[in-house]
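**Student:** Pasting final_27.pdb here (PDB, C-alpha atoms and all ligand atoms):
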ATOM      1  CA  MET A   1     -79.110 132.983 -20.038  1.00  0.00           C
ATOM      2  CA  ARG A   2     -77.953 132.931 -23.626  1.00  0.00           C
ATOM      3  CA  VAL A   3     -74.502 133.997 -24.811  1.00  0.00           C
ATOM      4  CA  THR A   4     -73.761 134.732 -28.474  1.00  0.00           C
ATOM      5  CA  PHE A   5     -70.225 135.272 -29.751  1.00  0.00           C
ATOM      6  CA  LEU A   6     -70.569 138.339 -31.971  1.00  0.00           C
ATOM      7  CA  GLY A   7     -66.875 138.381 -32.798  1.00  0.00           C
ATOM      8  CA  THR A   8     -63.891 136.220 -31.824  1.00  0.00           C
ATOM      9  CA  GLY A   9     -61.004 137.841 -33.676  1.00  0.00           C
ATOM     10  CA  THR A  10     -58.023 139.858 -32.571  1.00  0.00           C
ATOM     11  CA  SER A  11     -57.667 143.574 -33.300  1.00  0.00           C
ATOM     12  CA  GLN A  12     -57.369 143.246 -37.088  1.00  0.00           C
ATOM     13  CA  GLY A  13     -60.036 140.561 -37.439  1.00  0.00           C
ATOM     14  CA  VAL A  14     -59.642 137.517 -39.693  1.00  0.00           C
ATOM     15  CA  PRO A  15     -59.111 137.657 -42.632  1.00  0.00           C
ATOM     16  CA  VAL A  16     -56.631 140.494 -42.250  1.00  0.00           C
ATOM     17  CA  ILE A  17     -56.835 143.095 -45.022  1.00  0.00           C
ATOM     18  CA  ALA A  18     -54.603 142.108 -47.950  1.00  0.00           C
ATOM     19  CA  CYS A  19     -52.990 139.197 -46.047  1.00  0.00           C
ATOM     20  CA  PRO A  20     -51.836 136.410 -48.385  1.00  0.00           C
ATOM     21  CA  CYS A  21     -51.655 133.705 -45.645  1.00  0.00           C
ATOM     22  CA  ASP A  22     -53.492 130.412 -45.959  1.00  0.00           C
ATOM     23  CA  VAL A  23     -55.968 131.119 -43.139  1.00  0.00           C
ATOM     24  CA  CYS A  24     -56.906 134.536 -44.543  1.00  0.00           C
ATOM     25  CA  ARG A  25     -57.131 133.245 -48.127  1.00  0.00           C
ATOM     26  CA  ASN A  26     -58.644 129.809 -47.628  1.00  0.00           C
ATOM     27  CA  GLY A  27     -60.299 129.887 -44.201  1.00  0.00           C
ATOM     28  CA  THR A  28     -63.851 128.585 -43.933  1.00  0.00           C
ATOM     29  CA  LYS A  29     -66.730 130.188 -42.029  1.00  0.00           C
ATOM     30  CA  LYS A  30     -65.338 129.373 -38.567  1.00  0.00           C
ATOM     31  CA  ASP A  31     -62.018 131.028 -39.475  1.00  0.00           C
ATOM     32  CA  HIS A  32     -63.706 134.357 -40.295  1.00  0.00           C
ATOM     33  CA  ARG A  33     -63.615 136.459 -37.155  1.00  0.00           C
ATOM     34  CA  LEU A  34     -64.967 139.936 -36.476  1.00  0.00           C
ATOM     35  CA  ARG A  35     -63.461 141.850 -33.560  1.00  0.00           C
ATOM     36  CA  SER A  36     -64.177 140.227 -30.166  1.00  0.00           C
ATOM     37  CA  SER A  37     -67.507 140.822 -28.429  1.00  0.00           C
ATOM     38  CA  VAL A  38     -70.273 138.780 -26.810  1.00  0.00           C
ATOM     39  CA  LEU A  39     -73.994 139.368 -26.474  1.00  0.00           C
ATOM     40  CA  ILE A  40     -75.502 138.281 -23.155  1.00  0.00           C
ATOM     41  CA  GLU A  41     -79.255 137.888 -22.848  1.00  0.00           C
ATOM     42  CA  THR A  42     -80.804 137.069 -19.468  1.00  0.00           C
ATOM     43  CA  ASP A  43     -84.419 137.244 -18.335  1.00  0.00           C
ATOM     44  CA  LYS A  44     -83.604 140.658 -16.824  1.00  0.00           C
ATOM     45  CA  THR A  45     -81.459 142.376 -19.420  1.00  0.00           C
ATOM     46  CA  THR A  46     -79.551 142.361 -22.712  1.00  0.00           C
ATOM     47  CA  MET A  47     -75.963 143.584 -22.785  1.00  0.00           C
ATOM     48  CA  VAL A  48     -72.813 143.304 -24.833  1.00  0.00           C
ATOM     49  CA  ILE A  49     -69.233 143.102 -23.646  1.00  0.00           C
ATOM     50  CA  ASP A  50     -67.229 145.563 -25.797  1.00  0.00           C
ATOM     51  CA  ALA A  51     -68.276 147.446 -28.926  1.00  0.00           C
ATOM     52  CA  GLY A  52     -65.405 147.319 -31.392  1.00  0.00           C
ATOM     53  CA  PRO A  53     -65.242 148.494 -35.017  1.00  0.00           C
ATOM     54  CA  ASP A  54     -67.644 145.727 -36.120  1.00  0.00           C
ATOM     55  CA  PHE A  55     -70.380 146.624 -33.606  1.00  0.00           C
ATOM     56  CA  ARG A  56     -72.838 147.883 -36.238  1.00  0.00           C
ATOM     57  CA  TYR A  57     -72.595 144.771 -38.386  1.00  0.00           C
ATOM     58  CA  GLN A  58     -72.658 142.527 -35.308  1.00  0.00           C
ATOM     59  CA  MET A  59     -75.936 144.079 -34.143  1.00  0.00           C
ATOM     60  CA  LEU A  60     -77.418 143.543 -37.611  1.00  0.00           C
ATOM     61  CA  ARG A  61     -76.046 140.028 -38.035  1.00  0.00           C
ATOM     62  CA  ALA A  62     -77.359 138.858 -34.642  1.00  0.00           C
ATOM     63  CA  ASN A  63     -80.636 140.783 -35.126  1.00  0.00           C
ATOM     64  CA  VAL A  64     -80.302 142.597 -31.785  1.00  0.00           C
ATOM     65  CA  LEU A  65     -83.440 144.720 -31.425  1.00  0.00           C
ATOM     66  CA  HIS A  66     -82.873 146.035 -27.910  1.00  0.00           C
ATOM     67  CA  LEU A  67     -79.742 146.721 -25.879  1.00  0.00           C
ATOM     68  CA  ASP A  68     -79.556 147.894 -22.272  1.00  0.00           C
ATOM     69  CA  ALA A  69     -75.834 148.233 -21.641  1.00  0.00           C
ATOM     70  CA  VAL A  70     -72.279 147.934 -22.937  1.00  0.00           C
ATOM     71  CA  LEU A  71     -69.575 146.611 -20.600  1.00  0.00           C
ATOM     72  CA  ILE A  72     -66.066 147.713 -21.563  1.00  0.00           C
ATOM     73  CA  THR A  73     -63.118 145.416 -20.877  1.00  0.00           C
ATOM     74  CA  HIS A  74     -60.611 148.141 -21.789  1.00  0.00           C
ATOM     75  CA  SER A  75     -60.312 151.091 -24.138  1.00  0.00           C
ATOM     76  CA  HIS A  76     -58.171 149.690 -26.937  1.00  0.00           C
ATOM     77  CA  LYS A  77     -59.676 150.611 -30.289  1.00  0.00           C
ATOM     78  CA  ASP A  78     -60.795 147.095 -31.161  1.00  0.00           C
ATOM     79  CA  HIS A  79     -63.042 147.175 -28.055  1.00  0.00           C
ATOM     80  CA  ILE A  80     -64.585 150.668 -28.194  1.00  0.00           C
ATOM     81  CA  ALA A  81     -64.421 151.932 -31.793  1.00  0.00           C
ATOM     82  CA  GLY A  82     -68.045 151.016 -32.516  1.00  0.00           C
ATOM     83  CA  LEU A  83     -69.613 152.946 -29.641  1.00  0.00           C
ATOM     84  CA  ASP A  84     -70.796 155.707 -32.006  1.00  0.00           C
ATOM     85  CA  ASP A  85     -73.337 153.245 -33.406  1.00  0.00           C
ATOM     86  CA  VAL A  86     -75.300 153.005 -30.144  1.00  0.00           C
ATOM     87  CA  ARG A  87     -77.127 155.985 -31.713  1.00  0.00           C
ATOM     88  CA  SER A  88     -79.701 153.642 -33.229  1.00  0.00           C
ATOM     89  CA  PHE A  89     -80.561 152.321 -29.774  1.00  0.00           C
ATOM     90  CA  ASN A  90     -80.559 155.894 -28.397  1.00  0.00           C
ATOM     91  CA  TYR A  91     -83.272 156.875 -30.906  1.00  0.00           C
ATOM     92  CA  LEU A  92     -85.376 153.759 -30.483  1.00  0.00           C
ATOM     93  CA  GLN A  93     -85.100 153.416 -26.714  1.00  0.00           C
ATOM     94  CA  LYS A  94     -85.202 157.188 -26.131  1.00  0.00           C
ATOM     95  CA  ARG A  95     -82.411 157.118 -23.566  1.00  0.00           C
ATOM     96  CA  PRO A  96     -78.635 157.303 -23.345  1.00  0.00           C
ATOM     97  CA  MET A  97     -76.798 153.954 -23.556  1.00  0.00           C
ATOM     98  CA  ASP A  98     -75.411 152.736 -20.221  1.00  0.00           C
ATOM     99  CA  ILE A  99     -71.671 152.202 -20.697  1.00  0.00           C
ATOM    100  CA  TYR A 100     -69.846 150.491 -17.826  1.00  0.00           C
ATOM    101  CA  ALA A 101     -66.133 151.314 -17.853  1.00  0.00           C
ATOM    102  CA  SER A 102     -63.254 152.034 -15.500  1.00  0.00           C
ATOM    103  CA  GLU A 103     -62.377 155.665 -14.781  1.00  0.00           C
ATOM    104  CA  PHE A 104     -59.318 155.369 -17.012  1.00  0.00           C
ATOM    105  CA  ASP A 105     -61.342 153.906 -19.874  1.00  0.00           C
ATOM    106  CA  GLN A 106     -64.027 156.570 -19.439  1.00  0.00           C
ATOM    107  CA  GLU A 107     -61.406 159.258 -20.056  1.00  0.00           C
ATOM    108  CA  GLU A 108     -60.315 157.429 -23.209  1.00  0.00           C
ATOM    109  CA  ILE A 109     -63.942 157.193 -24.379  1.00  0.00           C
ATOM    110  CA  LYS A 110     -64.379 160.943 -23.752  1.00  0.00           C
ATOM    111  CA  ARG A 111     -61.285 161.685 -25.807  1.00  0.00           C
ATOM    112  CA  GLU A 112     -62.220 159.312 -28.616  1.00  0.00           C
ATOM    113  CA  PHE A 113     -65.825 160.504 -28.863  1.00  0.00           C
ATOM    114  CA  SER A 114     -65.317 164.099 -27.698  1.00  0.00           C
ATOM    115  CA  TYR A 115     -68.185 165.323 -29.924  1.00  0.00           C
ATOM    116  CA  ALA A 116     -70.619 163.276 -27.802  1.00  0.00           C
ATOM    117  CA  PHE A 117     -69.529 165.102 -24.649  1.00  0.00           C
ATOM    118  CA  SER A 118     -69.602 168.653 -26.018  1.00  0.00           C
ATOM    119  CA  ASP A 119     -71.607 171.271 -24.078  1.00  0.00           C
ATOM    120  CA  ASN A 120     -73.505 172.065 -27.240  1.00  0.00           C
ATOM    121  CA  PRO A 121     -73.522 168.753 -29.137  1.00  0.00           C
ATOM    122  CA  TYR A 122     -74.322 168.555 -32.828  1.00  0.00           C
ATOM    123  CA  PRO A 123     -77.778 167.001 -33.338  1.00  0.00           C
ATOM    124  CA  GLY A 124     -77.749 163.231 -33.677  1.00  0.00           C
ATOM    125  CA  VAL A 125     -74.535 162.462 -31.797  1.00  0.00           C
ATOM    126  CA  PRO A 126     -74.531 159.308 -29.671  1.00  0.00           C
ATOM    127  CA  SER A 127     -75.619 159.614 -26.071  1.00  0.00           C
ATOM    128  CA  PHE A 128     -73.608 157.750 -23.431  1.00  0.00           C
ATOM    129  CA  ASN A 129     -74.352 157.290 -19.747  1.00  0.00           C
ATOM    130  CA  LEU A 130     -70.902 156.439 -18.362  1.00  0.00           C
ATOM    131  CA  ILE A 131     -71.008 154.322 -15.209  1.00  0.00           C
ATOM    132  CA  ASN A 132     -67.996 153.406 -13.061  1.00  0.00           C
ATOM    133  CA  LEU A 133     -66.820 149.847 -12.699  1.00  0.00           C
ATOM    134  CA  ASP A 134     -66.442 150.336  -8.965  1.00  0.00           C
ATOM    135  CA  GLY A 135     -65.828 147.600  -6.427  1.00  0.00           C
ATOM    136  CA  GLU A 136     -66.198 143.865  -6.893  1.00  0.00           C
ATOM    137  CA  GLU A 137     -69.703 143.754  -8.276  1.00  0.00           C
ATOM    138  CA  ILE A 138     -72.075 145.956 -10.239  1.00  0.00           C
ATOM    139  CA  THR A 139     -75.764 145.537 -10.974  1.00  0.00           C
ATOM    140  CA  VAL A 140     -76.650 145.995 -14.624  1.00  0.00           C
ATOM    141  CA  HIS A 141     -80.409 146.393 -15.085  1.00  0.00           C
ATOM    142  CA  GLY A 142     -81.062 143.983 -12.204  1.00  0.00           C
ATOM    143  CA  GLU A 143     -78.357 141.475 -13.187  1.00  0.00           C
ATOM    144  CA  LYS A 144     -75.401 141.010 -10.844  1.00  0.00           C
ATOM    145  CA  VAL A 145     -72.048 141.200 -12.634  1.00  0.00           C
ATOM    146  CA  LYS A 146     -68.806 140.383 -10.806  1.00  0.00           C
ATOM    147  CA  ILE A 147     -65.757 142.352 -11.909  1.00  0.00           C
ATOM    148  CA  LEU A 148     -62.583 140.357 -12.498  1.00  0.00           C
ATOM    149  CA  PRO A 149     -59.530 142.601 -12.995  1.00  0.00           C
ATOM    150  CA  ALA A 150     -56.587 141.301 -15.005  1.00  0.00           C
ATOM    151  CA  LEU A 151     -53.465 142.640 -16.675  1.00  0.00           C
ATOM    152  CA  HIS A 152     -52.850 143.260 -20.406  1.00  0.00           C
ATOM    153  CA  LEU A 153     -49.101 143.778 -20.036  1.00  0.00           C
ATOM    154  CA  ARG A 154     -49.219 146.977 -17.884  1.00  0.00           C
ATOM    155  CA  MET A 155     -52.822 147.920 -18.641  1.00  0.00           C
ATOM    156  CA  GLU A 156     -55.658 146.938 -16.314  1.00  0.00           C
ATOM    157  CA  VAL A 157     -58.455 145.109 -18.117  1.00  0.00           C
ATOM    158  CA  TYR A 158     -61.734 143.864 -16.694  1.00  0.00           C
ATOM    159  CA  GLY A 159     -63.303 140.465 -17.019  1.00  0.00           C
ATOM    160  CA  PHE A 160     -66.920 139.890 -16.070  1.00  0.00           C
ATOM    161  CA  ARG A 161     -68.778 137.022 -14.439  1.00  0.00           C
ATOM    162  CA  ILE A 162     -72.542 136.684 -14.695  1.00  0.00           C
ATOM    163  CA  GLY A 163     -73.824 133.602 -12.865  1.00  0.00           C
ATOM    164  CA  ASP A 164     -71.779 130.645 -14.098  1.00  0.00           C
ATOM    165  CA  PHE A 165     -70.422 132.435 -17.167  1.00  0.00           C
ATOM    166  CA  ALA A 166     -67.168 134.426 -17.172  1.00  0.00           C
ATOM    167  CA  TYR A 167     -65.524 136.372 -19.995  1.00  0.00           C
ATOM    168  CA  ILE A 168     -61.963 137.675 -19.847  1.00  0.00           C
ATOM    169  CA  THR A 169     -60.062 138.892 -22.859  1.00  0.00           C
ATOM    170  CA  ASP A 170     -56.861 140.765 -23.701  1.00  0.00           C
ATOM    171  CA  THR A 171     -54.908 139.492 -20.740  1.00  0.00           C
ATOM    172  CA  ASN A 172     -51.679 137.662 -20.075  1.00  0.00           C
ATOM    173  CA  TYR A 173     -51.974 137.701 -16.285  1.00  0.00           C
ATOM    174  CA  LEU A 174     -54.856 136.837 -13.958  1.00  0.00           C
ATOM    175  CA  PRO A 175     -54.201 137.906 -10.361  1.00  0.00           C
ATOM    176  CA  GLY A 176     -55.019 135.544  -7.467  1.00  0.00           C
ATOM    177  CA  THR A 177     -58.315 137.229  -6.603  1.00  0.00           C
ATOM    178  CA  THR A 178     -59.529 136.820 -10.170  1.00  0.00           C
ATOM    179  CA  MET A 179     -58.355 133.193 -10.298  1.00  0.00           C
ATOM    180  CA  ALA A 180     -60.258 132.589  -7.034  1.00  0.00           C
ATOM    181  CA  GLY A 181     -63.339 134.250  -8.524  1.00  0.00           C
ATOM    182  CA  LEU A 182     -63.243 131.772 -11.429  1.00  0.00           C
ATOM    183  CA  LEU A 183     -62.629 128.520  -9.538  1.00  0.00           C
ATOM    184  CA  ASP A 184     -66.261 127.397  -9.349  1.00  0.00           C
ATOM    185  CA  CYS A 185     -67.338 128.924 -12.676  1.00  0.00           C
ATOM    186  CA  LYS A 186     -68.890 126.497 -15.177  1.00  0.00           C
ATOM    187  CA  VAL A 187     -68.130 128.289 -18.455  1.00  0.00           C
ATOM    188  CA  ILE A 188     -65.046 130.451 -18.956  1.00  0.00           C
ATOM    189  CA  VAL A 189     -64.081 132.443 -22.038  1.00  0.00           C
ATOM    190  CA  LEU A 190     -60.415 133.424 -22.182  1.00  0.00           C
ATOM    191  CA  ASN A 191     -58.216 135.014 -24.843  1.00  0.00           C
ATOM    192  CA  ALA A 192     -55.650 133.016 -26.816  1.00  0.00           C
ATOM    193  CA  LEU A 193     -53.974 134.954 -29.595  1.00  0.00           C
ATOM    194  CA  ARG A 194     -51.788 132.449 -31.409  1.00  0.00           C
ATOM    195  CA  LYS A 195     -49.297 129.659 -30.734  1.00  0.00           C
ATOM    196  CA  ARG A 196     -46.222 131.855 -30.443  1.00  0.00           C
ATOM    197  CA  GLU A 197     -45.809 133.879 -27.229  1.00  0.00           C
ATOM    198  CA  HIS A 198     -46.996 137.490 -27.171  1.00  0.00           C
ATOM    199  CA  VAL A 199     -46.137 140.356 -24.849  1.00  0.00           C
ATOM    200  CA  SER A 200     -49.710 141.261 -23.803  1.00  0.00           C
ATOM    201  CA  HIS A 201     -51.903 138.249 -24.660  1.00  0.00           C
ATOM    202  CA  TYR A 202     -51.976 134.623 -23.580  1.00  0.00           C
ATOM    203  CA  ASN A 203     -50.806 132.328 -26.325  1.00  0.00           C
ATOM    204  CA  LEU A 204     -52.541 128.996 -26.854  1.00  0.00           C
ATOM    205  CA  GLU A 205     -50.299 127.014 -24.496  1.00  0.00           C
ATOM    206  CA  LYS A 206     -50.626 129.463 -21.599  1.00  0.00           C
ATOM    207  CA  ALA A 207     -54.382 129.894 -21.987  1.00  0.00           C
ATOM    208  CA  VAL A 208     -54.787 126.102 -21.926  1.00  0.00           C
ATOM    209  CA  LYS A 209     -52.590 125.890 -18.787  1.00  0.00           C
ATOM    210  CA  VAL A 210     -54.707 128.472 -16.945  1.00  0.00           C
ATOM    211  CA  LEU A 211     -57.911 126.705 -17.987  1.00  0.00           C
ATOM    212  CA  GLU A 212     -56.567 123.290 -16.982  1.00  0.00           C
ATOM    213  CA  PHE A 213     -55.877 124.718 -13.540  1.00  0.00           C
ATOM    214  CA  LEU A 214     -59.344 126.290 -13.241  1.00  0.00           C
ATOM    215  CA  ARG A 215     -61.017 123.258 -14.879  1.00  0.00           C
ATOM    216  CA  PRO A 216     -64.467 124.642 -15.712  1.00  0.00           C
ATOM    217  CA  GLU A 217     -67.044 122.364 -17.362  1.00  0.00           C
ATOM    218  CA  LYS A 218     -66.454 124.177 -20.648  1.00  0.00           C
ATOM    219  CA  ALA A 219     -64.005 126.803 -21.848  1.00  0.00           C
ATOM    220  CA  TYR A 220     -63.821 128.811 -25.058  1.00  0.00           C
ATOM    221  CA  LEU A 221     -60.876 130.678 -26.532  1.00  0.00           C
ATOM    222  CA  THR A 222     -61.411 134.049 -28.189  1.00  0.00           C
ATOM    223  CA  HIS A 223     -59.528 137.102 -29.580  1.00  0.00           C
ATOM    224  CA  VAL A 224     -57.865 134.765 -32.070  1.00  0.00           C
ATOM    225  CA  SER A 225     -55.322 135.858 -34.699  1.00  0.00           C
ATOM    226  CA  HIS A 226     -54.912 134.514 -38.238  1.00  0.00           C
ATOM    227  CA  LEU A 227     -51.531 133.237 -36.993  1.00  0.00           C
ATOM    228  CA  MET A 228     -53.310 130.655 -34.800  1.00  0.00           C
ATOM    229  CA  GLY A 229     -53.977 128.425 -37.802  1.00  0.00           C
ATOM    230  CA  PHE A 230     -57.202 126.821 -39.009  1.00  0.00           C
ATOM    231  CA  TYR A 231     -60.116 126.277 -36.607  1.00  0.00           C
ATOM    232  CA  ASP A 232     -60.422 122.595 -37.564  1.00  0.00           C
ATOM    233  CA  ASP A 233     -56.716 121.899 -36.885  1.00  0.00           C
ATOM    234  CA  ILE A 234     -56.612 123.679 -33.499  1.00  0.00           C
ATOM    235  CA  GLU A 235     -59.821 122.010 -32.309  1.00  0.00           C
ATOM    236  CA  LYS A 236     -58.164 118.608 -32.694  1.00  0.00           C
ATOM    237  CA  GLU A 237     -55.236 119.663 -30.487  1.00  0.00           C
ATOM    238  CA  LEU A 238     -57.290 120.984 -27.568  1.00  0.00           C
ATOM    239  CA  PRO A 239     -58.321 119.135 -24.392  1.00  0.00           C
ATOM    240  CA  ASP A 240     -61.940 117.889 -24.477  1.00  0.00           C
ATOM    241  CA  PHE A 241     -63.392 120.702 -22.387  1.00  0.00           C
ATOM    242  CA  ILE A 242     -61.684 123.539 -24.301  1.00  0.00           C
ATOM    243  CA  HIS A 243     -62.854 124.814 -27.686  1.00  0.00           C
ATOM    244  CA  LEU A 244     -61.992 127.638 -29.999  1.00  0.00           C
ATOM    245  CA  ALA A 245     -64.900 130.058 -30.077  1.00  0.00           C
ATOM    246  CA  TYR A 246     -66.200 131.139 -33.473  1.00  0.00           C
ATOM    247  CA  ASP A 247     -68.477 133.933 -34.639  1.00  0.00           C
ATOM    248  CA  GLY A 248     -72.122 133.034 -34.177  1.00  0.00           C
ATOM    249  CA  LEU A 249     -71.514 130.335 -31.547  1.00  0.00           C
ATOM    250  CA  THR A 250     -74.282 130.439 -28.940  1.00  0.00           C
ATOM    251  CA  LEU A 251     -74.273 128.961 -25.445  1.00  0.00           C
ATOM    252  CA  GLU A 252     -77.325 128.306 -23.288  1.00  0.00           C
ATOM    253  CA  LEU A 253     -76.661 128.370 -19.549  1.00  0.00           C
TER
HETATM  254 ZN    ZN B   1     -58.255 143.470 -28.234  1.00  0.00          ZN
HETATM  255 ZN    ZN B   2     -53.450 136.143 -42.710  1.00  0.00          ZN
HETATM  256 ZN    ZN B   3     -56.244 145.190 -25.968  1.00  0.00          ZN
END
Rewrite the coordinates I just gave you, this time as structure tokens.
**Tutor:**
Amino acid sequence: MRVTFLGTGTSQGVPVIACPCDVCRNGTKKDHRLRSSVLIETDKTTMVIDAGPDFRYQMLRANVLHLDAVLITHSHKDHIAGLDDVRSFNYLQKRPMDIYASEFDQEEIKREFSYAFSDNPYPGVPSFNLINLDGEEITVHGEKVKILPALHLRMEVYGFRIGDFAYITDTNYLPGTTMAGLLDCKVIVLNALRKREHVSHYNLEKAVKVLEFLRPEKAYLTHVSHLMGFYDDIEKELPDFIHLAYDGLTLEL
């Protein structure tokens, strides 16, 4: 299995439009972050987790030629805004795109992309096959995916575990069942927004605490804000097994 970080930034990305801060002005390649998403390629299937506003460019940048499914963590704009661009895969693969989302998130997707769900759709609109994230596990094109619910303040978000890889973003609370589901996982990706506390995201200190408790072989922090500081500085502060993710980072499992 190969995992590629397509984007590792928070909702505005880094640099932030018109921001005069040092990270936005003088950041190097690893400080430039598109909105958070990962590409997962196994011998059975190719899927992405989330399709935010940068989805089109992420598909081009990573040269993704085939995509079977999109797994949605939650329906905030920075995680679903790019779904319209599955059209290219619709044309090439001659089928609707399988979108795995909770019932709540499906309603949000229907509202956001209402033109795709019209009884008499305009030619060329994207075609979505919405599939429920029911129960503890789903099978995505032959690949077993465990569902790990978490909380994003009051909103339910969904993490996913495929084999020894787990990805959870936009959370500041992992319930006991999800913690238990991560205990023997070798690689965990978790969100860490910035150093200062935040109402709906783990900050750096809390994300590190959770990961030190779970103690996977490797952990990567994503959904990072420009307020976190420079990649090179944060890397030096982290425990050995924890790293800041960056766009383009690939993991082989
Ligand atoms: Zn987000
Ligand atoms: Zn900035
Ligand atoms: Zn969110």
**Student:** Give as a PyMOL selection string the residues that the PyMOL selection byres (((chain A and resi 199-210) around 6) and not hetatm) matches when applied to the coordinates above.
**Tutor:** chain A and resi 152-153+170-172+192-195+197-198+211-213
**Student:** Let me see the file: selected residues, C-alpha atoms, as a PDB file, keeping the file's coordinate frame.
**Tutor:**
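Result went into out-v7.pdb, see below:
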ATOM      1  CA  HIS A 152     -52.850 143.260 -20.406  1.00  0.00           C
ATOM      2  CA  LEU A 153     -49.101 143.778 -20.036  1.00  0.00           C
ATOM      3  CA  ASP A 170     -56.861 140.765 -23.701  1.00  0.00           C
ATOM      4  CA  THR A 171     -54.908 139.492 -20.740  1.00  0.00           C
ATOM      5  CA  ASN A 172     -51.679 137.662 -20.075  1.00  0.00           C
ATOM      6  CA  ALA A 192     -55.650 133.016 -26.816  1.00  0.00           C
ATOM      7  CA  LEU A 193     -53.974 134.954 -29.595  1.00  0.00           C
ATOM      8  CA  ARG A 194     -51.788 132.449 -31.409  1.00  0.00           C
ATOM      9  CA  LYS A 195     -49.297 129.659 -30.734  1.00  0.00           C
ATOM     10  CA  GLU A 197     -45.809 133.879 -27.229  1.00  0.00           C
ATOM     11  CA  HIS A 198     -46.996 137.490 -27.171  1.00  0.00           C
ATOM     12  CA  LEU A 211     -57.911 126.705 -17.987  1.00  0.00           C
ATOM     13  CA  GLU A 212     -56.567 123.290 -16.982  1.00  0.00           C
ATOM     14  CA  PHE A 213     -55.877 124.718 -13.540  1.00  0.00           C
TER      15      PHE A 213
END
**Student:** Excluding Phe5 of chain A and any residue of its chain fewer than 4 positions from it, enumerate the residues within 6 Å of it, using only C-alpha atoms, and give them as a tab-separated table (two decimals) with C-alpha atoms, keeping the file's coordinate frame.
**Tutor:**
chain	number	residue	atom	x	y	z
A	38	VAL	CA	-70.27	138.78	-26.81
A	247	ASP	CA	-68.48	133.93	-34.64
A	248	GLY	CA	-72.12	133.03	-34.18
A	249	LEU	CA	-71.51	130.34	-31.55
**Student:** How would you write, as a PyMOL selection string, the residues chosen by the PyMOL selection byres (((not hetatm)) within 9 of (chain B and resi 3)) on this structure?
**Tutor:** chain A and resi 10-11+73-79+152+155+157+169-171+200-201
**Student:** Pull C-alpha atoms from the residues just selected and write them as a PDB file, keeping the file's coordinate frame.
**Tutor:**
ATOM      1  CA  THR A  10     -58.023 139.858 -32.571  1.00  0.00           C
ATOM      2  CA  SER A  11     -57.667 143.574 -33.300  1.00  0.00           C
ATOM      3  CA  THR A  73     -63.118 145.416 -20.877  1.00  0.00           C
ATOM      4  CA  HIS A  74     -60.611 148.141 -21.789  1.00  0.00           C
ATOM      5  CA  SER A  75     -60.312 151.091 -24.138  1.00  0.00           C
ATOM      6  CA  HIS A  76     -58.171 149.690 -26.937  1.00  0.00           C
ATOM      7  CA  LYS A  77     -59.676 150.611 -30.289  1.00  0.00           C
ATOM      8  CA  ASP A  78     -60.795 147.095 -31.161  1.00  0.00           C
ATOM      9  CA  HIS A  79     -63.042 147.175 -28.055  1.00  0.00           C
ATOM     10  CA  HIS A 152     -52.850 143.260 -20.406  1.00  0.00           C
ATOM     11  CA  MET A 155     -52.822 147.920 -18.641  1.00  0.00           C
ATOM     12  CA  VAL A 157     -58.455 145.109 -18.117  1.00  0.00           C
ATOM     13  CA  THR A 169     -60.062 138.892 -22.859  1.00  0.00           C
ATOM     14  CA  ASP A 170     -56.861 140.765 -23.701  1.00  0.00           C
ATOM     15  CA  THR A 171     -54.908 139.492 -20.740  1.00  0.00           C
ATOM     16  CA  SER A 200     -49.710 141.261 -23.803  1.00  0.00           C
ATOM     17  CA  HIS A 201     -51.903 138.249 -24.660  1.00  0.00           C
TER      18      HIS A 201
END
**Student:** Between atom CA of Ile72 of chain A and atom CA of Lys44 of chain A, what distance in Å does the model show, to one decimal?
**Tutor:**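 Between atom CA of Ile72 of chain A and atom CA of Lys44 of chain A the gap is 19.5 Å.
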**Student:** Carefully work through the PyMOL selection byres (((chain A and resi 66-69) around 9) and not hetatm) for this structure and note down the residues it includes, as a PyMOL selection string.
**Tutor:** chain A and resi 45-49+64-65+70-71+86+89+92-93+97-100+140-141
**Student:** Using all atoms listed in the file, what residues lie at most 7 Å away from (-73.5, 141.1, -29.2) (file coordinates), given as a ChimeraX atom specification?
**Tutor:** /A:4-6,37-40,48,58-59
**Student:** Kindly give the distance, in Å, that separates atom CA of Gly82 of chain A and atom CA of Thr250 of chain A, rounded to a single decimal.
**Tutor:**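 Interatomic distance here is 21.8 Å.
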**Student:** So that I can check the surroundings of segment 125-131 of chain A, please list as a list in words every protein, DNA and RNA residue that reaches within 8 Å of it, counting only C-alpha atoms and ignoring chain neighbours fewer than 3 positions away.
**Tutor:** Asp84, Asp85, Val86, Arg87, Asn90, Arg95, Pro96, Met97, Asp98, Ile99, Tyr100, Ala101, Gln106, Tyr115, Ala116, Pro121 and Tyr122 of chain A
**Student:** Name each residue within 6 Å of ligand ZN 2 (chain B), counting all atoms listed in the file, as a list in words.
**Tutor:** Pro15, Val16, Cys19, Pro20, Cys21, Val23, Cys24 and His226 of chain A
**Student:** As a PyMOL selection string, please: the residues near Ile242 of chain A (cut-off 9 Å, all atoms listed in the file, same-chain neighbours under 2 positions excluded).
**Tutor:** chain A and resi 208+211-212+217-221+235+238-240+244
**Student:** So which one's closest to ligand ZN 1 (chain B), A:Ala81, A:Arg215, A:Thr177, A:Arg25? Using all atoms listed in the file, please.
**Tutor:**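 For ligand ZN 1 (chain B), the nearest of the candidates is A:Ala81.
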**Student:** To one decimal place, how far is atom CA of Asp184 of chain A from atom CA of Asp134 of chain A in Å?
**Tutor:**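 So the two atoms, atom CA of Asp184 of chain A and atom CA of Asp134 of chain A, lie 22.9 Å apart.
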